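Below: run-v1.txt (compact mmCIF, C-alpha atoms)
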# COMPACT_ATOMS: atom_id res chain seq x y z
CA MET A 1 0.00 0.00 0.00
CA LYS A 2 1.49 3.36 -1.04
CA LEU A 3 1.24 6.01 1.59
CA ASN A 4 0.39 9.55 0.56
CA ASN A 5 2.43 11.72 2.86
CA LYS A 6 3.08 14.59 0.47
CA LYS A 7 1.05 17.02 2.55
CA TRP A 8 2.95 16.24 5.72
CA LYS A 9 5.59 18.90 5.58
CA ARG A 10 7.77 20.18 8.33
CA GLU A 11 6.79 23.49 9.76
CA LYS A 12 8.62 25.42 12.46
CA ARG A 13 6.75 25.94 15.68
CA LYS A 14 7.67 27.34 19.03
CA GLY A 15 10.23 25.24 20.79
CA GLY A 16 11.17 23.44 17.57
CA GLU A 17 7.95 21.40 17.57
CA ARG A 18 6.72 20.04 14.23
CA ARG A 19 3.19 20.10 12.93
CA ARG A 20 1.39 19.35 9.69
CA PRO A 21 0.16 22.43 7.80
CA GLY A 22 -3.51 22.88 8.59
CA GLY A 23 -3.20 20.85 11.78
CA GLY A 24 -4.10 17.25 12.43
CA ARG A 25 -2.08 14.08 12.22
CA PRO A 26 0.01 12.80 9.29
CA PRO A 27 -2.16 10.80 6.85
CA PHE A 28 -0.52 7.46 7.62
CA VAL A 29 -1.14 7.91 11.34
CA GLU A 30 -4.85 8.54 10.82
CA ARG A 31 -5.07 5.61 8.41
CA ARG A 32 -3.32 3.24 10.78
CA LYS A 33 -5.41 4.45 13.68
CA GLY A 34 -8.58 3.68 11.72
CA GLU A 35 -7.30 0.23 10.78
CA ARG A 36 -6.53 -0.57 14.40
CA ARG A 37 -10.04 0.40 15.42
CA LYS A 38 -11.54 -1.89 12.78
CA SER A 39 -9.47 -4.96 13.59
CA GLN A 40 -8.63 -4.47 17.27
CA PRO A 41 -8.47 -7.98 18.76
CA GLY A 42 -11.20 -8.50 21.32
CA MET A 43 -13.31 -5.62 19.94
CA VAL A 44 -15.84 -7.66 17.94
CA PRO A 45 -19.06 -5.93 16.79
CA GLU A 46 -22.29 -7.37 18.17
CA GLU A 47 -23.52 -8.62 14.80
CA ARG A 48 -20.29 -10.55 14.34
CA LYS A 49 -20.56 -12.13 17.76
CA ASP A 50 -24.05 -13.31 16.82
CA LEU A 51 -22.58 -15.52 14.09
CA LEU A 52 -21.04 -17.71 16.78
CA ARG A 53 -22.93 -16.93 19.96
CA GLU A 54 -25.73 -19.42 19.34
CA LYS A 55 -23.49 -22.02 17.74
CA ARG A 56 -22.28 -25.06 19.63
CA ILE A 57 -18.59 -25.47 18.91
CA ALA A 58 -16.48 -28.61 19.20
CA PHE A 59 -12.70 -28.42 19.40
CA ILE A 60 -11.28 -31.76 18.32
CA GLY A 61 -7.90 -31.62 19.99
CA CYS A 62 -6.71 -29.13 22.60
CA GLY A 63 -2.97 -28.87 22.21
CA ASN A 64 -1.20 -25.51 22.42
CA MET A 65 -2.95 -24.03 19.39
CA GLY A 66 -6.33 -25.46 20.31
CA GLU A 67 -5.97 -24.05 23.81
CA ALA A 68 -4.98 -20.65 22.42
CA LEU A 69 -8.13 -20.51 20.27
CA ILE A 70 -10.40 -21.70 23.07
CA SER A 71 -8.98 -19.22 25.60
CA GLY A 72 -8.87 -16.31 23.16
CA SER A 73 -12.38 -16.89 21.81
CA LEU A 74 -13.85 -17.14 25.31
CA ALA A 75 -12.00 -14.02 26.50
CA SER A 76 -13.23 -12.08 23.47
CA GLY A 77 -16.84 -13.00 24.15
CA LEU A 78 -17.18 -14.70 20.78
CA ILE A 79 -18.34 -17.95 22.27
CA SER A 80 -19.90 -18.91 25.60
CA LYS A 81 -18.59 -21.63 27.88
CA ASP A 82 -21.83 -23.57 27.90
CA LYS A 83 -21.67 -24.03 24.12
CA VAL A 84 -18.11 -25.36 23.91
CA LEU A 85 -17.12 -29.02 23.80
CA VAL A 86 -13.54 -30.23 23.65
CA THR A 87 -11.99 -33.62 23.00
CA ASP A 88 -8.45 -34.92 23.25
CA ILE A 89 -6.78 -38.32 23.36
CA ARG A 90 -5.04 -37.35 26.63
CA PRO A 91 -7.34 -37.52 29.69
CA GLU A 92 -5.00 -35.29 31.71
CA ARG A 93 -5.12 -32.64 29.01
CA LEU A 94 -8.92 -32.70 28.99
CA GLU A 95 -9.00 -32.33 32.75
CA TYR A 96 -6.60 -29.39 32.55
CA ILE A 97 -8.63 -27.47 29.94
CA LYS A 98 -11.91 -28.22 31.74
CA GLU A 99 -10.61 -26.75 34.99
CA LYS A 100 -8.84 -23.81 33.32
CA GLU A 101 -11.72 -22.66 31.12
CA GLY A 102 -14.80 -24.13 32.80
CA ILE A 103 -15.95 -25.90 29.64
CA SER A 104 -17.31 -29.38 28.92
CA ALA A 105 -15.13 -32.19 27.69
CA VAL A 106 -15.90 -35.56 26.13
CA GLU A 107 -13.59 -38.38 25.14
CA ASN A 108 -15.54 -39.39 22.03
CA ASN A 109 -15.02 -37.33 18.86
CA LYS A 110 -18.23 -38.57 17.23
CA GLU A 111 -20.27 -37.51 20.23
CA ALA A 112 -18.73 -34.01 20.14
CA VAL A 113 -19.40 -33.64 16.40
CA LYS A 114 -23.02 -34.82 16.73
CA LYS A 115 -23.73 -32.16 19.34
CA SER A 116 -22.02 -29.27 17.51
CA ASP A 117 -22.63 -26.83 14.66
CA VAL A 118 -19.00 -25.79 14.14
CA ILE A 119 -16.14 -28.28 14.38
CA VAL A 120 -12.60 -27.00 14.82
CA LEU A 121 -10.08 -29.65 13.81
CA ALA A 122 -7.07 -28.87 15.99
CA VAL A 123 -5.24 -32.19 15.70
CA LYS A 124 -1.79 -32.89 14.33
CA PRO A 125 -1.62 -33.37 10.54
CA GLN A 126 -0.31 -36.90 10.95
CA VAL A 127 -3.56 -38.09 12.62
CA MET A 128 -6.02 -36.03 10.55
CA GLY A 129 -6.94 -38.96 8.28
CA LYS A 130 -7.77 -41.17 11.25
CA VAL A 131 -9.90 -38.47 12.90
CA LEU A 132 -11.84 -37.75 9.69
CA SER A 133 -12.51 -41.44 9.19
CA GLU A 134 -13.85 -41.62 12.74
CA ILE A 135 -16.28 -38.68 12.41
CA LYS A 136 -17.32 -38.86 8.73
CA ASP A 137 -20.62 -40.66 9.44
CA VAL A 138 -21.86 -37.89 11.75
CA VAL A 139 -20.69 -34.86 9.75
CA THR A 140 -23.65 -33.41 7.86
CA GLY A 141 -23.77 -30.64 5.27
CA ASP A 142 -25.16 -28.10 7.73
CA LYS A 143 -22.05 -28.23 9.91
CA VAL A 144 -19.00 -26.02 9.38
CA ILE A 145 -15.52 -27.56 9.52
CA ILE A 146 -12.61 -25.29 10.44
CA SER A 147 -9.21 -26.94 10.13
CA ILE A 148 -6.05 -25.47 11.65
CA ALA A 149 -3.81 -28.43 10.75
CA ALA A 150 -0.66 -27.49 8.86
CA GLY A 151 -0.48 -28.82 5.31
CA ILE A 152 -3.92 -30.44 5.25
CA THR A 153 -5.90 -29.13 2.28
CA THR A 154 -9.64 -28.49 2.17
CA GLY A 155 -9.80 -30.98 -0.73
CA PHE A 156 -8.29 -33.71 1.44
CA ILE A 157 -10.88 -33.09 4.16
CA GLU A 158 -13.79 -32.91 1.71
CA GLU A 159 -12.75 -36.17 0.05
CA ALA A 160 -12.21 -37.94 3.38
CA LEU A 161 -15.67 -36.91 4.61
CA GLY A 162 -17.24 -38.07 1.34
CA ARG A 163 -19.88 -35.36 1.08
CA GLU A 164 -20.39 -31.67 0.31
CA VAL A 165 -19.43 -30.17 3.64
CA PRO A 166 -18.28 -26.54 4.05
CA VAL A 167 -14.62 -26.56 5.06
CA VAL A 168 -12.51 -23.52 5.87
CA ARG A 169 -8.77 -23.92 6.25
CA VAL A 170 -7.06 -21.61 8.70
CA MET A 171 -3.46 -21.17 9.77
CA PRO A 172 -3.38 -19.25 13.08
CA ASN A 173 -0.45 -18.79 15.43
CA THR A 174 0.06 -19.05 19.18
CA PRO A 175 -0.05 -15.30 19.99
CA ALA A 176 -3.82 -15.88 19.66
CA LEU A 177 -3.50 -16.83 23.33
CA VAL A 178 -2.94 -13.13 24.14
CA LYS A 179 -5.25 -11.89 21.37
CA THR A 180 -2.39 -10.71 19.14
CA GLY A 181 -2.41 -13.58 16.67
CA VAL A 182 -2.59 -13.52 12.90
CA SER A 183 -4.40 -16.10 10.78
CA GLY A 184 -4.29 -16.93 7.11
CA ILE A 185 -7.70 -18.14 5.94
CA SER A 186 -9.03 -19.85 2.81
CA PRO A 187 -12.43 -21.45 2.12
CA GLY A 188 -12.93 -24.82 0.47
CA LYS A 189 -15.10 -25.74 -2.51
CA TYR A 190 -18.38 -25.95 -0.56
CA ALA A 191 -17.86 -23.07 1.87
CA GLY A 192 -19.92 -19.96 1.14
CA GLU A 193 -19.68 -16.45 2.52
CA LYS A 194 -21.46 -17.34 5.75
CA GLU A 195 -19.14 -20.24 6.57
CA GLU A 196 -16.08 -18.19 5.71
CA ALA A 197 -17.40 -15.36 7.91
CA ILE A 198 -17.87 -17.75 10.85
CA ALA A 199 -14.22 -18.82 10.63
CA GLU A 200 -13.03 -15.27 10.03
CA HIS A 201 -14.88 -13.84 13.04
CA MET A 202 -13.56 -16.55 15.31
CA MET A 203 -10.02 -15.69 14.23
CA ARG A 204 -10.60 -11.93 14.46
CA GLY A 205 -11.51 -12.42 18.09
CA VAL A 206 -7.92 -13.48 18.78
CA GLY A 207 -6.00 -11.28 16.33
CA ILE A 208 -6.08 -10.21 12.70
CA VAL A 209 -6.98 -12.15 9.54
CA VAL A 210 -5.36 -12.28 6.12
CA LYS A 211 -7.38 -13.91 3.33
CA VAL A 212 -5.22 -15.80 0.84
CA PRO A 213 -5.68 -18.38 -1.93
CA GLU A 214 -5.29 -21.87 -0.48
CA GLU A 215 -2.10 -22.54 -2.43
CA MET A 216 -0.46 -19.76 -0.36
CA LEU A 217 -1.30 -21.32 3.01
CA ASP A 218 1.91 -23.36 3.07
CA THR A 219 3.77 -20.05 2.87
CA VAL A 220 1.55 -18.58 5.60
CA THR A 221 2.27 -21.65 7.74
CA ALA A 222 6.00 -21.18 7.32
CA LEU A 223 5.96 -17.42 7.81
CA SER A 224 3.46 -16.66 10.57
CA GLY A 225 2.32 -20.09 11.76
CA SER A 226 5.87 -21.11 12.64
CA GLY A 227 7.04 -17.50 12.88
CA PRO A 228 6.65 -17.04 16.66
CA ALA A 229 9.22 -19.80 17.20
CA TYR A 230 11.77 -17.92 15.07
CA ILE A 231 11.19 -14.75 17.08
CA PHE A 232 11.40 -16.66 20.37
CA TYR A 233 14.71 -18.12 19.20
CA ILE A 234 16.04 -14.64 18.44
CA ILE A 235 14.78 -13.36 21.80
CA GLU A 236 16.38 -16.33 23.55
CA SER A 237 19.71 -15.58 21.85
CA LEU A 238 19.60 -11.87 22.69
CA ILE A 239 18.86 -12.64 26.34
CA GLU A 240 21.80 -15.05 26.38
CA ALA A 241 24.04 -12.34 24.91
CA GLY A 242 23.00 -9.92 27.65
CA MET A 243 23.66 -12.48 30.36
CA GLU A 244 27.09 -13.33 28.93
CA MET A 245 27.95 -9.64 29.22
CA GLY A 246 26.87 -9.37 32.85
CA LEU A 247 23.12 -8.64 32.94
CA SER A 248 20.80 -10.66 35.11
CA GLU A 249 18.39 -12.94 33.26
CA ASP A 250 15.42 -10.89 34.49
CA ASP A 251 16.87 -7.57 33.30
CA ALA A 252 17.94 -9.04 29.95
CA LYS A 253 14.47 -10.50 29.43
CA LYS A 254 12.79 -7.16 30.13
CA LEU A 255 15.15 -5.25 27.85
CA VAL A 256 14.84 -7.70 24.97
CA GLY A 257 11.12 -8.37 25.32
CA GLN A 258 10.18 -4.69 25.31
CA THR A 259 12.59 -4.00 22.45
CA VAL A 260 10.97 -6.66 20.26
CA LEU A 261 7.47 -5.51 21.22
CA GLY A 262 8.32 -1.88 20.45
CA ALA A 263 10.00 -2.71 17.14
CA ALA A 264 6.98 -4.77 16.03
CA ARG A 265 4.58 -1.95 16.91
CA MET A 266 6.68 0.52 14.92
CA VAL A 267 6.44 -1.75 11.85
CA MET A 268 2.67 -2.08 12.25
CA GLU A 269 1.82 1.49 13.24
CA THR A 270 4.19 4.00 11.65
CA GLY A 271 3.62 3.02 8.03
CA GLU A 272 7.38 2.94 7.43
CA SER A 273 9.16 -0.10 6.04
CA PRO A 274 11.47 -2.22 8.22
CA GLN A 275 14.36 -1.10 6.02
CA VAL A 276 13.65 2.58 6.74
CA LEU A 277 13.16 1.95 10.44
CA ARG A 278 16.40 -0.04 10.59
CA ALA A 279 18.29 2.76 8.82
CA LYS A 280 17.04 5.26 11.41
CA VAL A 281 18.69 3.24 14.18
CA THR A 282 21.91 2.67 12.27
CA SER A 283 24.35 5.55 12.62
CA PRO A 284 27.46 5.42 10.41
CA GLY A 285 30.36 3.98 12.34
CA GLY A 286 28.14 3.23 15.36
CA THR A 287 27.34 0.16 17.44
CA THR A 288 24.30 -0.91 15.43
CA GLU A 289 26.18 -0.75 12.14
CA SER A 290 28.94 -2.89 13.62
CA ALA A 291 26.46 -5.57 14.70
CA LEU A 292 24.55 -5.53 11.40
CA LYS A 293 27.72 -5.84 9.34
CA TYR A 294 28.64 -8.93 11.37
CA LEU A 295 25.20 -10.44 10.71
CA GLU A 296 25.57 -9.70 7.00
CA ARG A 297 29.00 -11.37 6.89
CA LYS A 298 27.49 -14.48 8.49
CA GLY A 299 24.60 -14.54 6.01
CA PHE A 300 21.90 -13.98 8.63
CA GLN A 301 19.20 -12.87 6.20
CA GLU A 302 19.90 -15.70 3.76
CA ILE A 303 19.79 -18.25 6.59
CA LEU A 304 16.45 -16.93 7.84
CA ILE A 305 14.89 -16.92 4.35
CA ALA A 306 16.16 -20.46 3.72
CA ALA A 307 14.71 -21.62 7.05
CA VAL A 308 11.25 -20.27 6.18
CA LYS A 309 11.42 -22.03 2.81
CA GLU A 310 12.26 -25.28 4.61
CA ALA A 311 9.18 -24.87 6.78
CA ALA A 312 7.00 -24.28 3.70
CA LYS A 313 8.48 -27.37 2.05
CA ARG A 314 7.61 -29.43 5.13
CA SER A 315 4.05 -28.08 5.11
CA LYS A 316 3.65 -29.27 1.51
CA GLU A 317 5.07 -32.69 2.47
CA LEU A 318 2.48 -33.03 5.24
CA SER A 319 -0.31 -32.52 2.71
CA THR A 320 0.89 -35.46 0.65
CA GLY A 321 1.39 -37.77 3.63
Structure translated into structure tokens:
Amino acid sequence: MKLNNKKWKREKRKGGERRRPGGGRPPFVERRKGERRKSQPGMVPEERKDLLREKRIAFIGCGNMGEALISGSLASGLISKDKVLVTDIRPERLEYIKEKEGISAVENNKEAVKKSDVIVLAVKPQVMGKVLSEIKDVVTGDKVIISIAAGITTGFIEEALGREVPVVRVMPNTPALVKTGVSGISPGKYAGEKEEAIAEHMMRGVGIVVKVPEEMLDTVTALSGSGPAYIFYIIESLIEAGMEMGLSEDDAKKLVGQTVLGAARMVMETGESPQVLRAKVTSPGGTTESALKYLERKGFQEILIAAVKEAAKRSKELSTG
């Protein structure tokens, strides 16, 4: 998106303060502010909540991502506790999520599907075929299937169920747990606007949504689905660097965590590219330039790009078994 900032010119004010001629904020600030209002996680319009409020929702699987969606959706008011069912092959996991969220749990996937309008498939890709085979007889065309399994296509699910069932494929990420997630979303052959909207509004309750063609979801998986792990790895390394140079772990964690949070917000809110923002920190001959030159010599960017491509390759492999 090109930003029109031509009218934002510097103008001398008392005390050296800057302002835009005619007053007001720079255009990109107003635009970003408006976008944040529209997609603020947890701020879901009433009519959108109604899409899910009366639906009974089954979460088949409650691993880390399943838990993030359950917790985020409940906290956002998108779904009510009395209309949520969860299943998992681990009894201790079911007990944990029941106590944590105050929701109902069953051990039988077919029972959960029978009782629900929306089914969220939050199982590992390797067991998806087995789960679909187990529930296919009780999945009817009026139910909505939302799959968050990496690499599993809507076509695979539709074929395994053996009927025209609306399927929406979603790739969320774990920051959904704190309502700052991002999800790539793509509808299947039999999913209409209503079914896509149901999936979209669930995901908007825990973050933002990017609609993409299904063939791009392997890239989304590699970039944002796996992305938090890359950032955690970088954070982990920066904390270790601080500790090696004498900082306490607690102080290093605070310094690094807030730095990453602040840098991310600048990318999302200022309208400036990461390259421009990086240049503003990098003074010629300074400490930042020294560190960046070292990273360039070691091929840091090339390594990171190659790693993301490896993740996308693995996502494609999962779709073919």
Which residues of region 63-110 of chain A come within 8 Å of region 174-180 of chain A, and what is each one's closest atom pair and distance in Å (one decimal), counting all atoms listed in the file, sorted by chain and residue number, as JSON lines?
{"residue": "A:Asn64", "atom": "CA", "partner": "A:Thr174", "partner_atom": "CA", "distance": 7.3}
{"residue": "A:Met65", "atom": "CA", "partner": "A:Thr174", "partner_atom": "CA", "distance": 5.8}
{"residue": "A:Glu67", "atom": "CA", "partner": "A:Leu177", "partner_atom": "CA", "distance": 7.6}
{"residue": "A:Ala68", "atom": "CA", "partner": "A:Leu177", "partner_atom": "CA", "distance": 4.2}
{"residue": "A:Leu69", "atom": "CA", "partner": "A:Ala176", "partner_atom": "CA", "distance": 6.4}
{"residue": "A:Ser71", "atom": "CA", "partner": "A:Leu177", "partner_atom": "CA", "distance": 6.4}
{"residue": "A:Gly72", "atom": "CA", "partner": "A:Leu177", "partner_atom": "CA", "distance": 5.4}
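Our summary of the geometry notes that CA of Asp142 (chain A) is positioned 11.8 Å from CA of Lys55 (chain A).
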Which residues are near region 121-134 of chain A? Cut-off 9 Å, all atoms listed in the file, ignore same chain within fewer than 5 positions. Put them as an mmCIF file with C-alpha atoms, keeping the file's coordinate frame.
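The result, stored in selection_34.cif:
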data_model
loop_
_atom_site.group_PDB
_atom_site.id
_atom_site.type_symbol
_atom_site.label_atom_id
_atom_site.label_comp_id
_atom_site.auth_asym_id
_atom_site.auth_seq_id
_atom_site.Cartn_x
_atom_site.Cartn_y
_atom_site.Cartn_z
ATOM 1 C CA ALA A 58 -16.480 -28.610 19.200
ATOM 2 C CA PHE A 59 -12.700 -28.420 19.400
ATOM 3 C CA ILE A 60 -11.280 -31.760 18.320
ATOM 4 C CA GLY A 61 -7.900 -31.620 19.990
ATOM 5 C CA CYS A 62 -6.710 -29.130 22.600
ATOM 6 C CA GLY A 63 -2.970 -28.870 22.210
ATOM 7 C CA MET A 65 -2.950 -24.030 19.390
ATOM 8 C CA GLY A 66 -6.330 -25.460 20.310
ATOM 9 C CA ASP A 88 -8.450 -34.920 23.250
ATOM 10 C CA ASN A 109 -15.020 -37.330 18.860
ATOM 11 C CA LYS A 110 -18.230 -38.570 17.230
ATOM 12 C CA ILE A 145 -15.520 -27.560 9.520
ATOM 13 C CA ILE A 146 -12.610 -25.290 10.440
ATOM 14 C CA SER A 147 -9.210 -26.940 10.130
ATOM 15 C CA ILE A 148 -6.050 -25.470 11.650
ATOM 16 C CA ALA A 149 -3.810 -28.430 10.750
ATOM 17 C CA ALA A 150 -0.660 -27.490 8.860
ATOM 18 C CA GLY A 151 -0.480 -28.820 5.310
ATOM 19 C CA ILE A 152 -3.920 -30.440 5.250
ATOM 20 C CA PHE A 156 -8.290 -33.710 1.440
ATOM 21 C CA ILE A 157 -10.880 -33.090 4.160
ATOM 22 C CA ALA A 160 -12.210 -37.940 3.380
ATOM 23 C CA LEU A 161 -15.670 -36.910 4.610
ATOM 24 C CA LEU A 318 2.480 -33.030 5.240
ATOM 25 C CA SER A 319 -0.310 -32.520 2.710
ATOM 26 C CA GLY A 321 1.390 -37.770 3.630
#
> Restricting the calculation to all atoms listed in the file, which member of A:Lys189, A:Lys136, A:His201, A:Arg56 is positioned closest to Thr153 (chain A)?
Replying inline: A:Lys189
> Any idea what the distance is between CA of Val206 (chain A) and CA of Val182 (chain A)?
Replying inline: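 About the pair CA of Val206 (chain A) and CA of Val182 (chain A): they are 7.9 Å apart.
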>> Can you measure CA of Arg278 (chain A) to CA of Ala222 (chain A) for me? One decimal in Å is fine.
In response: 23.8 Å
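All residues of protein, DNA or RNA that reach within 8 Å of Met171 (chain A), judged by all atoms listed in the file and not counting those fewer than 3 positions away in the chain, are A:Ile148, A:Ala149, A:Ala150, A:Ser183, A:Gly184, A:Ile185, A:Leu217, A:Val220, A:Thr221, A:Gly225.
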>> Taking 5 positions as the minimum chain separation for residues in the same chain, which residues sit within 12 Å of Val84 (chain A) when counting all atoms listed in the file? Answer as a PyMOL selection string.
In response: chain A and resi 52-60+69-71+73-74+78-79+97-98+101-106+112-113+115-120
